[in-house]
Amino acid sequence: MTNQLHSFEQAIEKDISIEPKNWMPEAYRKTLIRQIGQHAHSEVVGMLPEGNWITRAPSLKRKAVLLAKVQDEAGHALYLYSAAETLGADRDDMMDKLIAGRMKYSSIFNYPTLSWADVAAIGWLVDGAAIVNQVALCRTSYGPYARAMVRICKEESFHQRQGFEAMMQLANGTPEQKQMAQDAVNRFWWPALMMFGPSDDNSPNSAQSMAWKIKRFSNDELRQKFVDNTVPQVLQLGLSVPDPDLRFNQDTGHYEFGEINWTEFFDVIAGKGPCNHERIEARRKAWEGGKWVRDTAAVYAQKQQTQQQQQKVA
Amino acid sequence: MDNKNHWSLYEVFVRSKQGLSHRHVGSLRASDDEVALQNARDVYTRRNEGVSIWVVKSELITSSQPDEKPEFFDPSLDKVYRHPTFYNIPDGIEHM
């Protein structure tokens, strides 16, 4: 037992990935199942605000792009559920827990997409923030999670670029279109910053996750990176950042930004966001509505198998 | 049909191009082999990542155990003479 713990800690120390059949502390396994499960759920729920605009995309091109992006999100969820299953988690059980409100997903998806510009903002800002987070996770200590992240990051780059391009088109359009773009930035800027989670001095689980190298950078480090990446992009679009305290610090080379509204953050996490109920309801409806398909496919598979066995006997 | 997990777990292997071997890319759940193949195409080859796919039920794979690693792989550890670098060949000998 102590021997196993020793080899586990040695592996973490030497940056050797932990693989499914390796011994690992129960708390490490639990933390990963929770984190990967939440991540997978975020991909699934993340399809909803964008799916809202598939039938109303402004052109056939944008519609095709949005469909491809939403399909990617479904794929990302599937990679992640598979990774969680290598730890002994059960996929159906995770879905039940999501619907019962016993597992979380990224709070960003509890905000509505009021205009087409919001869809562009999600691709650019929300996927942009996700990329910062996920690039860091490509070196996470658990092998299957790291490998899923590598795949996801490759695909995510298209998401961010298409969002920025759609935003650019609005920003360079009529004054009304530019205003739409600005409104979307105003709505999504702060929620995007909140995606990195609570500040470091208020994030009790972070230290252990850093020690296990599940997390490689702190919430605040990643948030700072996102701000530094993104502010110049906002300015290049001719738009402004809805933060009166934002300023560039010449000495540090970083942007300093205002205080996040943590009350709003914790409210949304606690289920009091604008769309929490709607999102879970949509998932419940899809899960229950799809039950007959899952069951029928299983019965069909069983019949085929029986037939094949009978043919072999005959 | 209230029992869960009646969809099997499959491991997916993709040949990225002719001339290369199939490589494990991940896993998925499916009701049967044919659906597994179609799901594998949708999940793992949305961007021309493959020209051929294998799917196999995870439960059919027999694997070595990490715990028995030293004993299991021991026989190959102490046979340095299996490597070309074990042999001293004088300078000036070419094509070897």
# chains A, B, ... in the order shown; residues from 1 in each chain; ligands from 1

$ closest_atom_pairs --of "chain B" --to "chain A" --cutoff "8 Å" --atoms "only C-alpha atoms" --output "tab-separated table"
residue	atom	partner	partner_atom	distance
B:Met1	CA	A:Asp295	CA	6.4
B:Lys4	CA	A:Asp92	CA	6.8
B:Asn5	CA	A:Asp92	CA	7.1
B:His6	CA	A:Ala298	CA	6.4
B:Trp7	CA	A:Ala298	CA	6.6
B:Gly26	CA	A:Tyr79	CA	7.2
B:Ser27	CA	A:Ser82	CA	6.0
B:Leu28	CA	A:Ser82	CA	6.3
B:Ser31	CA	A:Ala298	CA	5.2
B:Asp32	CA	A:Ala301	CA	5.4
B:Asp42	CA	A:Gly75	CA	8.0
B:Val43	CA	A:Gly75	CA	5.3
B:Tyr44	CA	A:Gly75	CA	8.0
B:Gln65	CA	A:Lys21	CA	7.3
B:Pro66	CA	A:Asn22	CA	6.1
B:Asp67	CA	A:Asn22	CA	7.6

$ residues_around --residues "Gly19 in chain B" --least-positions-apart "2" --cutoff "12 Å" --atoms "only C-alpha atoms" --output "list in words"
Arg15, Ser16, Lys17, Ser21, His22, Gly50, Val51 and Ser52 of chain B

$ residues_around --residues "Phe109 in chain A" --least-positions-apart "5" --cutoff "10 Å" --atoms "only C-alpha atoms" --output "list in words"
Ser42, Glu43, Val44, Val45, Gly46, Met47, Leu48, Pro49, Glu50, Ile122, Val126, Pro191, Met195, Val268, Gly273, Pro274, Cys275, Asn276 and Arg279 of chain A

$ write_last_selection --atoms "C-alpha atoms" --output "mmCIF file, in the first residue's frame"
data_model
loop_
_atom_site.group_PDB
_atom_site.id
_atom_site.type_symbol
_atom_site.label_atom_id
_atom_site.label_comp_id
_atom_site.auth_asym_id
_atom_site.auth_seq_id
_atom_site.Cartn_x
_atom_site.Cartn_y
_atom_site.Cartn_z
ATOM 1 C CA SER A 42 -20.055 21.343 -19.998
ATOM 2 C CA GLU A 43 -19.514 20.189 -23.568
ATOM 3 C CA VAL A 44 -23.005 18.687 -23.664
ATOM 4 C CA VAL A 45 -24.785 21.633 -22.079
ATOM 5 C CA GLY A 46 -22.623 23.972 -24.171
ATOM 6 C CA MET A 47 -24.447 22.738 -27.257
ATOM 7 C CA LEU A 48 -27.712 24.246 -26.027
ATOM 8 C CA PRO A 49 -27.071 28.008 -26.213
ATOM 9 C CA GLU A 50 -25.560 27.575 -29.676
ATOM 10 C CA ILE A 122 -19.316 32.409 -27.428
ATOM 11 C CA VAL A 126 -15.964 31.301 -24.337
ATOM 12 C CA PRO A 191 -18.920 35.481 -17.468
ATOM 13 C CA MET A 195 -15.010 30.451 -16.349
ATOM 14 C CA VAL A 268 -24.990 30.976 -10.976
ATOM 15 C CA GLY A 273 -28.355 31.832 -13.144
ATOM 16 C CA PRO A 274 -30.688 32.997 -15.904
ATOM 17 C CA CYS A 275 -30.915 29.588 -17.654
ATOM 18 C CA ASN A 276 -29.955 26.877 -15.139
ATOM 19 C CA ARG A 279 -30.608 23.842 -19.512
#

$ residues_around --residues "Gln134 in chain A" --least-positions-apart "4" --cutoff "9 Å" --atoms "only C-alpha atoms" --output "ChimeraX atom specification"
/A:129-130,138,149-150,152-153

$ closest_residue --among "A:Gln38, A:Lys213, A:Asp267, A:Leu66" --to "Glu9 in chain A" --atoms "only C-alpha atoms"
A:Lys213

$ select_by_dssp --residues "chain B" --states "strand (DSSP E or B)" --output "list in words"
Ser8, Leu9, Tyr10, Glu11, Val12, Phe13, Val14, Arg15, Arg23, His24, Val25, Gly26, Ser27, Leu28, Arg29, Ala30, Ser52, Ile53, Trp54, Val55, Val56 and Lys57 of chain B

$ write_last_selection --atoms "N, CA, C and O atoms" --output "mmCIF file, in the first residue's frame"
data_model
loop_
_atom_site.group_PDB
_atom_site.id
_atom_site.type_symbol
_atom_site.label_atom_id
_atom_site.label_comp_id
_atom_site.auth_asym_id
_atom_site.auth_seq_id
_atom_site.Cartn_x
_atom_site.Cartn_y
_atom_site.Cartn_z
ATOM 1 N N SER B 8 -22.337 -1.617 -25.149
ATOM 2 C CA SER B 8 -20.978 -2.051 -24.802
ATOM 3 C C SER B 8 -19.963 -0.942 -25.021
ATOM 4 O O SER B 8 -20.166 -0.048 -25.833
ATOM 5 N N LEU B 9 -18.860 -1.064 -24.299
ATOM 6 C CA LEU B 9 -17.732 -0.158 -24.496
ATOM 7 C C LEU B 9 -16.842 -0.750 -25.590
ATOM 8 O O LEU B 9 -16.525 -1.937 -25.573
ATOM 9 N N TYR B 10 -16.480 0.078 -26.543
ATOM 10 C CA TYR B 10 -15.606 -0.355 -27.642
ATOM 11 C C TYR B 10 -14.330 0.470 -27.649
ATOM 12 O O TYR B 10 -14.356 1.665 -27.328
ATOM 13 N N GLU B 11 -13.234 -0.157 -28.038
ATOM 14 C CA GLU B 11 -11.983 0.572 -28.274
ATOM 15 C C GLU B 11 -11.868 0.826 -29.774
ATOM 16 O O GLU B 11 -12.225 -0.032 -30.584
ATOM 17 N N VAL B 12 -11.398 2.019 -30.121
ATOM 18 C CA VAL B 12 -11.361 2.424 -31.525
ATOM 19 C C VAL B 12 -9.914 2.562 -32.001
ATOM 20 O O VAL B 12 -9.088 3.189 -31.328
ATOM 21 N N PHE B 13 -9.617 1.981 -33.147
ATOM 22 C CA PHE B 13 -8.283 2.061 -33.754
ATOM 23 C C PHE B 13 -8.425 2.636 -35.157
ATOM 24 O O PHE B 13 -9.294 2.198 -35.918
ATOM 25 N N VAL B 14 -7.590 3.599 -35.488
ATOM 26 C CA VAL B 14 -7.720 4.258 -36.787
ATOM 27 C C VAL B 14 -6.394 4.184 -37.544
ATOM 28 O O VAL B 14 -5.323 4.421 -36.977
ATOM 29 N N ARG B 15 -6.482 3.826 -38.826
ATOM 30 C CA ARG B 15 -5.316 3.911 -39.709
ATOM 31 C C ARG B 15 -5.391 5.281 -40.376
ATOM 32 O O ARG B 15 -6.333 5.569 -41.120
ATOM 33 N N ARG B 23 -3.963 2.707 -35.071
ATOM 34 C CA ARG B 23 -3.494 3.207 -33.788
ATOM 35 C C ARG B 23 -4.696 3.457 -32.881
ATOM 36 O O ARG B 23 -5.728 3.954 -33.347
ATOM 37 N N HIS B 24 -4.548 3.132 -31.607
ATOM 38 C CA HIS B 24 -5.658 3.347 -30.675
ATOM 39 C C HIS B 24 -5.926 4.846 -30.538
ATOM 40 O O HIS B 24 -5.003 5.619 -30.308
ATOM 41 N N VAL B 25 -7.183 5.258 -30.696
ATOM 42 C CA VAL B 25 -7.486 6.685 -30.581
ATOM 43 C C VAL B 25 -8.435 6.990 -29.427
ATOM 44 O O VAL B 25 -8.569 8.136 -29.019
ATOM 45 N N GLY B 26 -9.115 5.975 -28.906
ATOM 46 C CA GLY B 26 -10.038 6.239 -27.806
ATOM 47 C C GLY B 26 -11.101 5.166 -27.756
ATOM 48 O O GLY B 26 -10.963 4.106 -28.366
ATOM 49 N N SER B 27 -12.164 5.460 -27.022
ATOM 50 C CA SER B 27 -13.221 4.465 -26.900
ATOM 51 C C SER B 27 -14.579 5.120 -27.043
ATOM 52 O O SER B 27 -14.689 6.350 -27.085
ATOM 53 N N LEU B 28 -15.598 4.299 -27.139
ATOM 54 C CA LEU B 28 -16.964 4.821 -27.225
ATOM 55 C C LEU B 28 -17.944 3.724 -26.832
ATOM 56 O O LEU B 28 -17.562 2.568 -26.687
ATOM 57 N N ARG B 29 -19.184 4.104 -26.671
ATOM 58 C CA ARG B 29 -20.222 3.110 -26.380
ATOM 59 C C ARG B 29 -21.130 2.960 -27.583
ATOM 60 O O ARG B 29 -21.431 3.936 -28.265
ATOM 61 N N ALA B 30 -21.561 1.731 -27.829
ATOM 62 C CA ALA B 30 -22.470 1.482 -28.948
ATOM 63 C C ALA B 30 -23.271 0.228 -28.670
ATOM 64 O O ALA B 30 -22.858 -0.617 -27.873
ATOM 65 N N SER B 52 -9.237 3.888 -42.472
ATOM 66 C CA SER B 52 -9.722 2.580 -42.045
ATOM 67 C C SER B 52 -9.909 2.595 -40.527
ATOM 68 O O SER B 52 -9.127 3.224 -39.809
ATOM 69 N N ILE B 53 -10.955 1.939 -40.057
ATOM 70 C CA ILE B 53 -11.239 1.918 -38.609
ATOM 71 C C ILE B 53 -11.434 0.484 -38.139
ATOM 72 O O ILE B 53 -12.087 -0.307 -38.820
ATOM 73 N N TRP B 54 -10.889 0.149 -36.985
ATOM 74 C CA TRP B 54 -11.226 -1.088 -36.288
ATOM 75 C C TRP B 54 -11.972 -0.714 -35.019
ATOM 76 O O TRP B 54 -11.565 0.226 -34.331
ATOM 77 N N VAL B 55 -13.001 -1.454 -34.702
ATOM 78 C CA VAL B 55 -13.590 -1.333 -33.369
ATOM 79 C C VAL B 55 -13.600 -2.722 -32.735
ATOM 80 O O VAL B 55 -13.831 -3.719 -33.415
ATOM 81 N N VAL B 56 -13.321 -2.766 -31.444
ATOM 82 C CA VAL B 56 -13.345 -4.055 -30.747
ATOM 83 C C VAL B 56 -13.890 -3.828 -29.345
ATOM 84 O O VAL B 56 -13.588 -2.818 -28.704
ATOM 85 N N LYS B 57 -14.757 -4.756 -28.917
ATOM 86 C CA LYS B 57 -15.310 -4.625 -27.567
ATOM 87 C C LYS B 57 -14.176 -4.652 -26.546
ATOM 88 O O LYS B 57 -13.324 -5.547 -26.584
#

$ residues_around --residues "Trp124 in chain A" --least-positions-apart "6" --cutoff "9 Å" --atoms "only C-alpha atoms" --output "PDB file with N, CA and C atoms, in the first residue's frame"
ATOM      1  N   HIS A 159     -13.091  26.664 -33.570  1.00  0.00           N
ATOM      2  CA  HIS A 159     -14.237  27.287 -32.891  1.00  0.00           C
ATOM      3  C   HIS A 159     -13.969  28.757 -32.593  1.00  0.00           C
ATOM      4  N   GLN A 160     -12.760  29.002 -32.076  1.00  0.00           N
ATOM      5  CA  GLN A 160     -12.435  30.371 -31.688  1.00  0.00           C
ATOM      6  C   GLN A 160     -12.305  31.258 -32.921  1.00  0.00           C
ATOM      7  N   ARG A 161     -11.656  30.727 -33.941  1.00  0.00           N
ATOM      8  CA  ARG A 161     -11.433  31.541 -35.142  1.00  0.00           C
ATOM      9  C   ARG A 161     -12.739  31.877 -35.849  1.00  0.00           C
ATOM     10  N   GLN A 162     -13.654  30.890 -35.926  1.00  0.00           N
ATOM     11  CA  GLN A 162     -14.916  31.193 -36.600  1.00  0.00           C
ATOM     12  C   GLN A 162     -15.706  32.232 -35.808  1.00  0.00           C
ATOM     13  N   GLY A 163     -15.607  32.165 -34.474  1.00  0.00           N
ATOM     14  CA  GLY A 163     -16.314  33.134 -33.630  1.00  0.00           C
ATOM     15  C   GLY A 163     -15.772  34.540 -33.839  1.00  0.00           C
ATOM     16  N   PHE A 164     -14.423  34.622 -33.861  1.00  0.00           N
ATOM     17  CA  PHE A 164     -13.799  35.929 -34.060  1.00  0.00           C
ATOM     18  C   PHE A 164     -14.174  36.496 -35.427  1.00  0.00           C
ATOM     19  N   GLU A 165     -14.155  35.632 -36.427  1.00  0.00           N
ATOM     20  CA  GLU A 165     -14.480  36.099 -37.784  1.00  0.00           C
ATOM     21  C   GLU A 165     -15.921  36.599 -37.875  1.00  0.00           C
ATOM     22  N   ALA A 166     -16.838  35.858 -37.244  1.00  0.00           N
ATOM     23  CA  ALA A 166     -18.244  36.281 -37.253  1.00  0.00           C
ATOM     24  C   ALA A 166     -18.405  37.616 -36.513  1.00  0.00           C
ATOM     25  N   MET A 167     -17.615  37.768 -35.445  1.00  0.00           N
ATOM     26  CA  MET A 167     -17.659  38.999 -34.662  1.00  0.00           C
ATOM     27  C   MET A 167     -17.108  40.172 -35.478  1.00  0.00           C
TER      28      MET A 167
END

$ closest_residue --among "A:Thr174, A:Gln179, A:Gln307, A:Ser240" --to "Ala117 in chain A" --atoms "only C-alpha atoms"
A:Gln179
